[in-house]
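The block underneath contains the structure these notes are about, expressed in structure tokens.
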Amino acid sequence: MRRTPWLAALALLAGCAPAQGAAPAPVDPAPAALWRTSVAQAMSTVQVLTDQTCREVLRVTSGGSAVRLRLSHATGSSAVRLSAVTVRANGLSATVTVDGRRAVDLAPGSQVVSDPVRLAVAPGDELVVSLAVSGRATVSAHRVGAAALSCTAPGTGDRTESTSAQGFAPAGRQGLVVDDVAVLGGPRAVLAVGDSLTDPELPPGTYPRWTDVLDAKLPADVPVSNAAIAGNRVLLPGGYGPTLVQRFARDVLARDGVGTVVLLAGTNDVSRDLPAARLTAELAQLCRLARDRGVRVVLLTLPPASKRPPAQEAVRQRVNDWIRSTTLADVVVDADAVLRAPGQPTRLLPAYDRDHLHLTPAGHRALGEAVAAALR
């Protein structure tokens with residue numbers, strides 16, 4: 001296994017709001033991944049928010065004494081004003097500030113990083129983030145998402161300080177505005193990017209993705225985060241969210257504490273007849289960009305899908321041949337070999353096959369265990 005240097009520790013950020021009822025704690029200067037997703041498009045379940053508060057529950061994968069949020073309006077077309085943002089964990093809550101200010105203005109296409117917030121969290125804790133939207137706004141969101149979302153009715157105003165569920169109605173599994181939570185002083189994370197093979201719809205209260213399996217299988221001091229977008233493509237426009245080429249800097253290179261990136265990407269480009277040479281050239285460039293930043297690269301082959309026409313299957317096979325032989329990745333995991341049916345190279349193993357393309361929980365478990373074994 002080839003290894004590249006880890007990213008250098010970043011400088012200590014200043015200015016944070018103490019948790020209510022919590023004693024001040026020292027803030028370690030090295031930020032690392034805690035939880036993250038990727039904003040894909042304007043939210044679909046709640047299209048527009050009007051003077052109301054939304055609350056999202058984020059399951060974190062690392063621990064520390066302080067956290068920092070990245071608030072994204074990357075896909076927005078008009079400005080959003082957040083009159084208040086709060087975060088709560090383990091019975092303690094804190095106000096989130098940006099440059100010392102409680103209200104946050106997000107211009108279209110922008111993202112801001114909060115001041116550090118002194119709030120202790122441990123792996124597996126649920127972090128509750130409340131956002132109060134002032135006025136009428138359409139916000140950026142992750143349309144499937146691993147966040148459990150609930151919102152108050154329009155016109156109810158700022159309810160970010162409330163600890164009660166009263167007045168909050170469930171709004172599905174999707175995340176709003178927050179696309180990154182970093183813990184200060186924690187370990188470097190493994191970050192997965194890709195499409196719906198990595199970002200499936202999640203039933204309430206469950207985390208069955210292969211990245212969740214990977215997180216459980218790796219040592220406790222190696223957190224795993226998921227920045228995939230269902231429907232995303234590597235290069236071709238028209239999928240959900242910016243293409244992976246367009247968002248790689250935002251969602252991988254610009255994130256704090258990423259030590260390893262896992263790439264399972266290209267299925268949706270193959271289904272739109274992108275030539276193998278173009279897809280492998282883009283994957284090669286993503287590998288170079290990551291390794292130039294000192295981020296280790298794990299590259300996965302593309303699993304089978306039985307409904308592909310022969311020409312697309314031939315492209316998948318050529319792409320997989322390149323992945324198996326490339327020297328640009330630090331680790332290669334043959335997801336195709338792990339998931340395909342014996343003697344039927346174009347089909348998933350029946351136990352792993354949800355719809356001839358996506359994976360069952362058993363398929364996710366098999367893939368997560370394979371990636372964990374390769375990383376160990």
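How things are named: the first chain in the structure tokens is A, the next is B, and so on; residues count from 1 in each chain; ligands count from 1 in the order shown.
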Set out as JSON lines a contact list for range 92-142 of chain A and range 69-81 of chain A with a cut-off of 6 Å, giving each residue of range 92-142 of chain A that qualifies its closest atom pair and distance in Å to one decimal, counting only C-alpha atoms, ordered by chain and rising residue number.
```
{"residue": "A:Val104", "atom": "CA", "partner": "A:Arg81", "partner_atom": "CA", "distance": 5.8}
{"residue": "A:Asp105", "atom": "CA", "partner": "A:Arg81", "partner_atom": "CA", "distance": 4.5}
{"residue": "A:Leu106", "atom": "CA", "partner": "A:Val80", "partner_atom": "CA", "distance": 5.2}
{"residue": "A:Ala107", "atom": "CA", "partner": "A:Ala79", "partner_atom": "CA", "distance": 4.6}
{"residue": "A:Pro108", "atom": "CA", "partner": "A:Gly76", "partner_atom": "CA", "distance": 4.8}
{"residue": "A:Gly109", "atom": "CA", "partner": "A:Ala74", "partner_atom": "CA", "distance": 3.9}
{"residue": "A:Ser110", "atom": "CA", "partner": "A:His73", "partner_atom": "CA", "distance": 5.3}
{"residue": "A:Gln111", "atom": "CA", "partner": "A:Ser72", "partner_atom": "CA", "distance": 4.2}
{"residue": "A:Val112", "atom": "CA", "partner": "A:Leu71", "partner_atom": "CA", "distance": 5.3}
{"residue": "A:Val113", "atom": "CA", "partner": "A:Arg70", "partner_atom": "CA", "distance": 4.4}
{"residue": "A:Ser114", "atom": "CA", "partner": "A:Leu69", "partner_atom": "CA", "distance": 5.3}
{"residue": "A:Ser134", "atom": "CA", "partner": "A:Arg81", "partner_atom": "CA", "distance": 5.5}
{"residue": "A:Ala137", "atom": "CA", "partner": "A:Val80", "partner_atom": "CA", "distance": 5.8}
{"residue": "A:Ser140", "atom": "CA", "partner": "A:His73", "partner_atom": "CA", "distance": 5.2}
```
From the list A:Ala314, A:Ala169, A:Leu191, A:Ala370, the nearest residue to Cys151 in chain A using only C-alpha atoms is A:Ala169
- [ ] Fewer than 5 positions away in the same chain doesn't count, so skip those; otherwise give me all residues within 8 Å of Pro361 in chain A, counting only C-alpha atoms, as a list in words.
- [x]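 Surrounding residues, per the criterion: Pro208, Arg209 and Tyr352 of chain A.
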Write to file, as a PDB file, in the first residue's frame, the residues of the selection just made, with C-alpha atoms.
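See out_33.pdb below for the written result:
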```
ATOM      1  CA  PRO A 208     -27.088   1.118   6.772  1.00  0.00           C
ATOM      2  CA  ARG A 209     -24.780   2.661   4.146  1.00  0.00           C
ATOM      3  CA  TYR A 352     -26.940  -7.631  -2.710  1.00  0.00           C
TER       4      TYR A 352
END
```
Next on the checklist: I need the residues of range 169-243 of chain A that end up classed as alpha helix (DSSP H) by DSSP on the backbone, written out as number ranges by chain.
Outcome noted: A: 210-217
